[in-house]
>>> print(open('data.pdb').read())   # PDB, C-alpha atoms, pLDDT in the B column
ATOM      1  CA  MET A  25     184.499 242.556 166.225  1.00 51.00           C
ATOM      2  CA  SER A  26     183.738 244.484 163.064  1.00 49.00           C
ATOM      3  CA  ILE A  27     186.188 244.775 160.194  1.00 56.00           C
ATOM      4  CA  ARG A  28     186.429 248.526 160.841  1.00 53.00           C
ATOM      5  CA  THR A  29     187.237 248.006 164.539  1.00 56.00           C
ATOM      6  CA  GLU A  30     189.833 245.401 163.638  1.00 62.00           C
ATOM      7  CA  LYS A  31     191.425 247.800 161.116  1.00 63.00           C
ATOM      8  CA  VAL A  32     191.554 250.592 163.715  1.00 61.00           C
ATOM      9  CA  ARG A  33     193.273 248.296 166.203  1.00 69.00           C
ATOM     10  CA  THR A  34     195.760 247.159 163.549  1.00 73.00           C
ATOM     11  CA  ASP A  35     196.475 250.792 162.597  1.00 78.00           C
ATOM     12  CA  GLU A  36     196.952 251.722 166.271  1.00 80.00           C
ATOM     13  CA  LYS A  37     199.335 248.795 166.743  1.00 80.00           C
ATOM     14  CA  ASN A  38     201.307 249.768 163.613  1.00 86.00           C
ATOM     15  CA  ASN A  39     201.499 253.387 164.795  1.00 88.00           C
ATOM     16  CA  MET A  40     202.746 252.253 168.200  1.00 91.00           C
ATOM     17  CA  VAL A  41     205.367 250.018 166.594  1.00 89.00           C
ATOM     18  CA  MET A  42     206.543 252.898 164.402  1.00 92.00           C
ATOM     19  CA  MET A  43     206.729 255.278 167.384  1.00 95.00           C
ATOM     20  CA  VAL A  44     208.832 252.745 169.272  1.00 94.00           C
ATOM     21  CA  MET A  45     211.036 252.174 166.218  1.00 94.00           C
ATOM     22  CA  THR A  46     211.422 255.947 165.801  1.00 97.00           C
ATOM     23  CA  ALA A  47     212.492 256.287 169.422  1.00 97.00           C
ATOM     24  CA  LEU A  48     214.944 253.413 169.033  1.00 96.00           C
ATOM     25  CA  MET A  49     216.427 254.849 165.833  1.00 96.00           C
ATOM     26  CA  THR A  50     216.707 258.268 167.520  1.00 98.00           C
ATOM     27  CA  ALA A  51     218.666 256.566 170.286  1.00 98.00           C
ATOM     28  CA  VAL A  52     220.872 254.816 167.722  1.00 96.00           C
ATOM     29  CA  ILE A  53     221.571 258.168 166.029  1.00 97.00           C
ATOM     30  CA  CYS A  54     222.402 259.746 169.399  1.00 98.00           C
ATOM     31  CA  VAL A  55     224.777 256.917 170.308  1.00 97.00           C
ATOM     32  CA  ILE A  56     226.565 256.623 166.950  1.00 96.00           C
ATOM     33  CA  SER A  57     226.821 260.270 165.852  1.00 95.00           C
ATOM     34  CA  PRO A  58     229.185 261.597 168.554  1.00 95.00           C
ATOM     35  CA  PHE A  59     231.991 259.287 167.494  1.00 92.00           C
ATOM     36  CA  SER A  60     234.242 261.344 165.272  1.00 91.00           C
ATOM     37  CA  ILE A  61     237.759 261.959 164.091  1.00 90.00           C
ATOM     38  CA  PRO A  62     238.872 265.588 164.067  1.00 89.00           C
ATOM     39  CA  ILE A  63     240.568 266.284 160.741  1.00 89.00           C
ATOM     40  CA  GLY A  64     239.958 270.010 160.528  1.00 84.00           C
ATOM     41  CA  PRO A  65     237.094 272.374 161.196  1.00 86.00           C
ATOM     42  CA  VAL A  66     234.573 269.655 160.317  1.00 87.00           C
ATOM     43  CA  PRO A  67     235.198 266.242 161.913  1.00 88.00           C
ATOM     44  CA  VAL A  68     234.572 262.897 160.275  1.00 89.00           C
ATOM     45  CA  SER A  69     231.612 261.435 162.132  1.00 92.00           C
ATOM     46  CA  LEU A  70     229.218 258.556 161.803  1.00 94.00           C
ATOM     47  CA  GLY A  71     226.221 260.903 161.834  1.00 94.00           C
ATOM     48  CA  THR A  72     225.271 260.531 158.185  1.00 96.00           C
ATOM     49  CA  LEU A  73     225.556 256.745 158.425  1.00 97.00           C
ATOM     50  CA  ALA A  74     223.133 256.688 161.368  1.00 97.00           C
ATOM     51  CA  LEU A  75     220.744 259.121 159.696  1.00 98.00           C
ATOM     52  CA  PHE A  76     220.689 257.271 156.369  1.00 98.00           C
ATOM     53  CA  LEU A  77     220.106 254.023 158.250  1.00 97.00           C
ATOM     54  CA  ALA A  78     217.208 255.609 160.149  1.00 97.00           C
ATOM     55  CA  VAL A  79     215.480 256.957 157.052  1.00 97.00           C
ATOM     56  CA  TYR A  80     216.034 253.698 155.165  1.00 96.00           C
ATOM     57  CA  VAL A  81     214.513 251.633 157.973  1.00 95.00           C
ATOM     58  CA  LEU A  82     211.755 254.042 159.040  1.00 96.00           C
ATOM     59  CA  GLY A  83     210.830 255.768 155.787  1.00 96.00           C
ATOM     60  CA  THR A  84     210.794 259.479 155.076  1.00 97.00           C
ATOM     61  CA  GLY A  85     208.236 260.588 157.670  1.00 97.00           C
ATOM     62  CA  TYR A  86     209.446 258.709 160.705  1.00 97.00           C
ATOM     63  CA  GLY A  87     213.083 259.043 159.629  1.00 97.00           C
ATOM     64  CA  THR A  88     212.653 262.810 159.542  1.00 98.00           C
ATOM     65  CA  VAL A  89     210.996 262.731 162.960  1.00 98.00           C
ATOM     66  CA  ALA A  90     213.956 260.748 164.346  1.00 98.00           C
ATOM     67  CA  THR A  91     216.339 263.308 162.826  1.00 98.00           C
ATOM     68  CA  VAL A  92     214.453 266.268 164.300  1.00 98.00           C
ATOM     69  CA  LEU A  93     214.328 264.547 167.697  1.00 98.00           C
ATOM     70  CA  TYR A  94     218.100 264.012 167.503  1.00 98.00           C
ATOM     71  CA  LEU A  95     218.629 267.695 166.685  1.00 98.00           C
ATOM     72  CA  CYS A  96     216.352 268.745 169.562  1.00 98.00           C
ATOM     73  CA  ILE A  97     218.264 266.523 171.976  1.00 98.00           C
ATOM     74  CA  GLY A  98     221.537 268.066 170.822  1.00 97.00           C
ATOM     75  CA  PHE A  99     220.049 271.578 170.891  1.00 97.00           C
ATOM     76  CA  ALA A 100     219.035 270.962 174.513  1.00 97.00           C
ATOM     77  CA  GLY A 101     222.711 270.425 175.311  1.00 97.00           C
ATOM     78  CA  LEU A 102     223.082 266.673 175.450  1.00 97.00           C
ATOM     79  CA  PRO A 103     226.402 265.569 173.916  1.00 97.00           C
ATOM     80  CA  VAL A 104     225.035 263.830 170.821  1.00 97.00           C
ATOM     81  CA  PHE A 105     226.827 265.818 168.125  1.00 96.00           C
ATOM     82  CA  SER A 106     230.350 265.079 166.893  1.00 93.00           C
ATOM     83  CA  ALA A 107     233.054 264.817 169.551  1.00 91.00           C
ATOM     84  CA  PHE A 108     230.332 264.430 172.191  1.00 94.00           C
ATOM     85  CA  SER A 109     229.219 268.048 171.931  1.00 95.00           C
ATOM     86  CA  GLY A 110     225.811 269.656 172.045  1.00 96.00           C
ATOM     87  CA  GLY A 111     223.981 272.889 172.659  1.00 97.00           C
ATOM     88  CA  VAL A 112     222.943 276.024 170.823  1.00 96.00           C
ATOM     89  CA  GLY A 113     226.558 277.099 170.352  1.00 95.00           C
ATOM     90  CA  LYS A 114     227.275 274.025 168.251  1.00 94.00           C
ATOM     91  CA  LEU A 115     224.296 274.687 165.994  1.00 92.00           C
ATOM     92  CA  LEU A 116     225.193 278.372 165.610  1.00 94.00           C
ATOM     93  CA  GLY A 117     228.907 277.663 165.187  1.00 95.00           C
ATOM     94  CA  PRO A 118     230.763 277.209 161.883  1.00 95.00           C
ATOM     95  CA  THR A 119     229.661 273.581 161.462  1.00 93.00           C
ATOM     96  CA  GLY A 120     226.030 274.154 162.461  1.00 96.00           C
ATOM     97  CA  GLY A 121     224.917 274.272 158.831  1.00 97.00           C
ATOM     98  CA  TYR A 122     225.972 270.667 158.399  1.00 96.00           C
ATOM     99  CA  ILE A 123     223.939 269.642 161.439  1.00 96.00           C
ATOM    100  CA  ILE A 124     220.828 271.572 160.353  1.00 97.00           C
ATOM    101  CA  GLY A 125     221.426 270.252 156.820  1.00 98.00           C
ATOM    102  CA  TYR A 126     220.651 266.776 158.118  1.00 98.00           C
ATOM    103  CA  ILE A 127     216.937 267.569 157.794  1.00 98.00           C
ATOM    104  CA  PRO A 128     216.828 268.184 154.016  1.00 98.00           C
ATOM    105  CA  MET A 129     219.392 265.401 153.564  1.00 98.00           C
ATOM    106  CA  VAL A 130     217.098 262.871 155.245  1.00 98.00           C
ATOM    107  CA  VAL A 131     213.987 264.121 153.433  1.00 98.00           C
ATOM    108  CA  ILE A 132     215.625 263.897 149.993  1.00 98.00           C
ATOM    109  CA  ALA A 133     217.176 260.493 150.640  1.00 98.00           C
ATOM    110  CA  GLY A 134     213.964 259.216 152.198  1.00 97.00           C
ATOM    111  CA  ILE A 135     211.762 260.240 149.288  1.00 98.00           C
ATOM    112  CA  ILE A 136     214.027 258.488 146.802  1.00 97.00           C
ATOM    113  CA  ILE A 137     214.485 255.396 148.981  1.00 97.00           C
ATOM    114  CA  ASP A 138     210.704 255.181 149.498  1.00 96.00           C
ATOM    115  CA  LYS A 139     209.975 255.498 145.766  1.00 96.00           C
ATOM    116  CA  THR A 140     212.297 252.764 144.493  1.00 95.00           C
ATOM    117  CA  LYS A 141     213.594 249.360 145.503  1.00 93.00           C
ATOM    118  CA  ASN A 142     216.545 249.724 143.122  1.00 96.00           C
ATOM    119  CA  ARG A 143     219.636 250.013 145.332  1.00 94.00           C
ATOM    120  CA  VAL A 144     221.608 251.908 142.692  1.00 96.00           C
ATOM    121  CA  LEU A 145     218.901 254.570 142.531  1.00 97.00           C
ATOM    122  CA  GLN A 146     218.671 254.599 146.326  1.00 97.00           C
ATOM    123  CA  GLY A 147     222.431 255.109 146.491  1.00 97.00           C
ATOM    124  CA  LEU A 148     222.231 257.922 143.960  1.00 98.00           C
ATOM    125  CA  GLY A 149     219.469 259.459 146.071  1.00 98.00           C
ATOM    126  CA  MET A 150     221.735 259.385 149.101  1.00 98.00           C
ATOM    127  CA  VAL A 151     224.548 260.948 147.052  1.00 98.00           C
ATOM    128  CA  LEU A 152     222.176 263.733 145.990  1.00 98.00           C
ATOM    129  CA  ALA A 153     221.154 264.172 149.629  1.00 98.00           C
ATOM    130  CA  GLU A 154     224.838 264.438 150.608  1.00 98.00           C
ATOM    131  CA  VAL A 155     225.357 267.138 147.957  1.00 98.00           C
ATOM    132  CA  VAL A 156     222.506 269.124 149.516  1.00 98.00           C
ATOM    133  CA  LEU A 157     224.066 268.609 152.954  1.00 98.00           C
ATOM    134  CA  TYR A 158     227.452 269.760 151.663  1.00 98.00           C
ATOM    135  CA  ALA A 159     225.856 272.845 150.085  1.00 98.00           C
ATOM    136  CA  ALA A 160     223.946 273.841 153.229  1.00 97.00           C
ATOM    137  CA  GLY A 161     226.856 273.216 155.559  1.00 97.00           C
ATOM    138  CA  THR A 162     229.457 274.852 153.363  1.00 98.00           C
ATOM    139  CA  ALA A 163     227.284 277.928 152.788  1.00 98.00           C
ATOM    140  CA  TRP A 164     226.896 278.356 156.555  1.00 97.00           C
ATOM    141  CA  PHE A 165     230.618 277.737 157.100  1.00 97.00           C
ATOM    142  CA  VAL A 166     231.549 280.383 154.506  1.00 98.00           C
ATOM    143  CA  ILE A 167     229.111 282.920 155.966  1.00 97.00           C
ATOM    144  CA  SER A 168     230.100 282.325 159.593  1.00 96.00           C
ATOM    145  CA  THR A 169     233.877 282.212 159.078  1.00 97.00           C
ATOM    146  CA  GLY A 170     234.451 284.386 156.022  1.00 97.00           C
ATOM    147  CA  THR A 171     236.394 281.550 154.418  1.00 97.00           C
ATOM    148  CA  PRO A 172     236.493 281.691 150.594  1.00 98.00           C
ATOM    149  CA  ILE A 173     234.333 279.037 148.928  1.00 97.00           C
ATOM    150  CA  ALA A 174     237.245 277.172 147.321  1.00 97.00           C
ATOM    151  CA  ALA A 175     239.047 276.935 150.660  1.00 97.00           C
ATOM    152  CA  ALA A 176     235.849 275.856 152.415  1.00 97.00           C
ATOM    153  CA  LEU A 177     235.287 273.094 149.854  1.00 97.00           C
ATOM    154  CA  SER A 178     238.840 271.820 150.318  1.00 96.00           C
ATOM    155  CA  LEU A 179     238.410 271.854 154.113  1.00 94.00           C
ATOM    156  CA  CYS A 180     234.808 270.794 154.533  1.00 95.00           C
ATOM    157  CA  VAL A 181     233.751 268.718 151.528  1.00 96.00           C
ATOM    158  CA  ILE A 182     236.489 267.102 149.454  1.00 96.00           C
ATOM    159  CA  PRO A 183     238.101 265.144 152.325  1.00 94.00           C
ATOM    160  CA  PHE A 184     234.708 263.672 153.239  1.00 95.00           C
ATOM    161  CA  ILE A 185     233.558 262.374 149.866  1.00 96.00           C
ATOM    162  CA  PRO A 186     235.288 258.949 149.992  1.00 95.00           C
ATOM    163  CA  GLY A 187     234.109 258.207 153.533  1.00 95.00           C
ATOM    164  CA  ASP A 188     230.574 259.340 152.794  1.00 97.00           C
ATOM    165  CA  LEU A 189     230.445 257.070 149.753  1.00 97.00           C
ATOM    166  CA  VAL A 190     231.570 254.161 151.943  1.00 97.00           C
ATOM    167  CA  LYS A 191     228.845 255.012 154.493  1.00 97.00           C
ATOM    168  CA  ILE A 192     226.246 254.930 151.713  1.00 98.00           C
ATOM    169  CA  VAL A 193     227.441 251.504 150.562  1.00 98.00           C
ATOM    170  CA  VAL A 194     227.329 250.234 154.165  1.00 97.00           C
ATOM    171  CA  VAL A 195     223.760 251.500 154.607  1.00 97.00           C
ATOM    172  CA  LEU A 196     222.688 249.911 151.316  1.00 97.00           C
ATOM    173  CA  ALA A 197     224.164 246.600 152.497  1.00 96.00           C
ATOM    174  CA  VAL A 198     223.000 246.678 156.124  1.00 96.00           C
ATOM    175  CA  ALA A 199     219.616 248.441 156.098  1.00 95.00           C
ATOM    176  CA  PRO A 200     217.676 245.780 154.164  1.00 93.00           C
ATOM    177  CA  GLN A 201     218.933 243.194 156.651  1.00 93.00           C
ATOM    178  CA  VAL A 202     217.842 245.395 159.570  1.00 90.00           C
ATOM    179  CA  ILE A 203     214.391 245.716 158.014  1.00 89.00           C
ATOM    180  CA  LYS A 204     214.126 241.923 157.652  1.00 90.00           C
ATOM    181  CA  LEU A 205     215.173 241.490 161.289  1.00 89.00           C
ATOM    182  CA  VAL A 206     212.615 244.024 162.491  1.00 82.00           C
ATOM    183  CA  ARG A 207     209.821 242.466 160.443  1.00 81.00           C
ATOM    184  CA  ARG A 208     210.683 239.024 161.758  1.00 82.00           C
ATOM    185  CA  ASN A 209     210.454 240.224 165.351  1.00 71.00           C
TER     186      ASN A 209
END
>>> encode(input="data.pdb", output="structure tokens")
Amino acid sequence: MSIRTEKVRTDEKNNMVMMVMTALMTAVICVISPFSIPIGPVPVSLGTLALFLAVYVLGTGYGTVATVLYLCIGFAGLPVFSAFSGGVGKLLGPTGGYIIGYIPMVVIAGIIIDKTKNRVLQGLGMVLAEVVLYAAGTAWFVISTGTPIAAALSLCVIPFIPGDLVKIVVVLAVAPQVIKLVRRN
């Protein structure tokens, strides 16, 4: 077997492994994200935890694919969004901007996570990604409900900051261990 043929087979195997991992992480996102606590118009969910874990483990490209697959599954009506909801109505509703905002959130976090091994910088990247998510979701909430920005921030952002920071710390602690486990197997 030539070196080139061996490299092609290795690349094909790596691509297959990454496709399987992407499917598995999409399933993890779909299973974890619906669990939520309703505290107002925007529930506390585990969605961002699952998405940050996916992009940390898979990298920006495959993590984004897993996120888009998750959104497509929810768009199709399967109950994978918070409170076991799904469908077009959820995406077009007042909290839809937060769901669509998952895409830029994952891309921003993924780029920073991919570029550095420093966990502090990775954490700051996830915080920046959360700020983008908050901005996208809150803008959509304000437009769709007519709620003033200050009121929307007090309803849809401020109560979530402590929990989102905890989720980031959990991902920073757990994801490297998940990667080691995956590499071992």
>>> residues_around(input="data.pdb", residues="A:Val112", least_positions_apart="4", cutoff="9 Å", atoms="all atoms listed in the file", output="VMD selection string")
chain A and resid 98 to 101 116 to 117
>>> closest_atom_pairs(input="data.pdb", of="stretch 50-147 of chain A", to="stretch 199-205 of chain A", cutoff="12 Å", atoms="only C-alpha atoms", output="Markdown table")
| residue | atom | partner | partner_atom | distance |
| --- | --- | --- | --- | --- |
| A:Leu73 | CA | A:Ala199 | CA | 10.5 |
| A:Ala74 | CA | A:Ala199 | CA | 10.4 |
| A:Leu75 | CA | A:Ala199 | CA | 11.3 |
| A:Phe76 | CA | A:Ala199 | CA | 8.9 |
| A:Leu77 | CA | A:Ala199 | CA | 6.0 |
| A:Ala78 | CA | A:Ala199 | CA | 8.6 |
| A:Val79 | CA | A:Ala199 | CA | 9.5 |
| A:Tyr80 | CA | A:Ala199 | CA | 6.4 |
| A:Val81 | CA | A:Ile203 | CA | 5.9 |
| A:Leu82 | CA | A:Ile203 | CA | 8.8 |
| A:Gly83 | CA | A:Ile203 | CA | 10.9 |
| A:Ile137 | CA | A:Ala199 | CA | 11.2 |
| A:Lys141 | CA | A:Pro200 | CA | 10.2 |
| A:Asn142 | CA | A:Pro200 | CA | 11.8 |
| A:Arg143 | CA | A:Pro200 | CA | 10.0 |
| A:Gln146 | CA | A:Ala199 | CA | 11.6 |
>>> atom_distance(input="data.pdb", atom1="atom CA of A:Thr169", atom2="atom CA of A:Gly187")
24.6 Å
>>> closest_atom_pairs(input="data.pdb", of="stretch 155-191 of chain A", to="stretch 49-64 of chain A", cutoff="9 Å", atoms="only C-alpha atoms", output="JSON lines")
{"residue": "A:Leu179", "atom": "CA", "partner": "A:Gly64", "partner_atom": "CA", "distance": 6.9}
{"residue": "A:Cys180", "atom": "CA", "partner": "A:Gly64", "partner_atom": "CA", "distance": 7.9}
{"residue": "A:Pro183", "atom": "CA", "partner": "A:Ile63", "partner_atom": "CA", "distance": 8.8}
>>> write_last_selection(input="data.pdb", atoms="C-alpha atoms", output="PDB file, in the coordinates of the input")
ATOM      1  CA  LEU A 179     238.410 271.854 154.113  1.00 94.00           C
ATOM      2  CA  CYS A 180     234.808 270.794 154.533  1.00 95.00           C
ATOM      3  CA  PRO A 183     238.101 265.144 152.325  1.00 94.00           C
TER       4      PRO A 183
END
>>> closest_residue(input="data.pdb", among="A:Val166, A:Pro103, A:Ile132, A:Val68", to="A:Pro186", atoms="all atoms listed in the file")
A:Val68
>>> atom_distance(input="data.pdb", atom1="atom CA of A:Ile173", atom2="atom CA of A:Ile127")
22.6 Å
>>> closest_residue(input="data.pdb", among="A:Ile135, A:Ala107, A:Leu157, A:Ala47", to="A:Leu70", atoms="all atoms listed in the file")
A:Ala107
>>> closest_residue(input="data.pdb", among="A:Tyr158, A:Tyr86, A:Tyr94, A:Phe184", to="A:Tyr122", atoms="only C-alpha atoms")
A:Tyr158
>>> closest_residue(input="data.pdb", among="A:Gly71, A:Pro65, A:Gly149, A:Gly85", to="A:Thr46", atoms="all atoms listed in the file")
A:Gly85
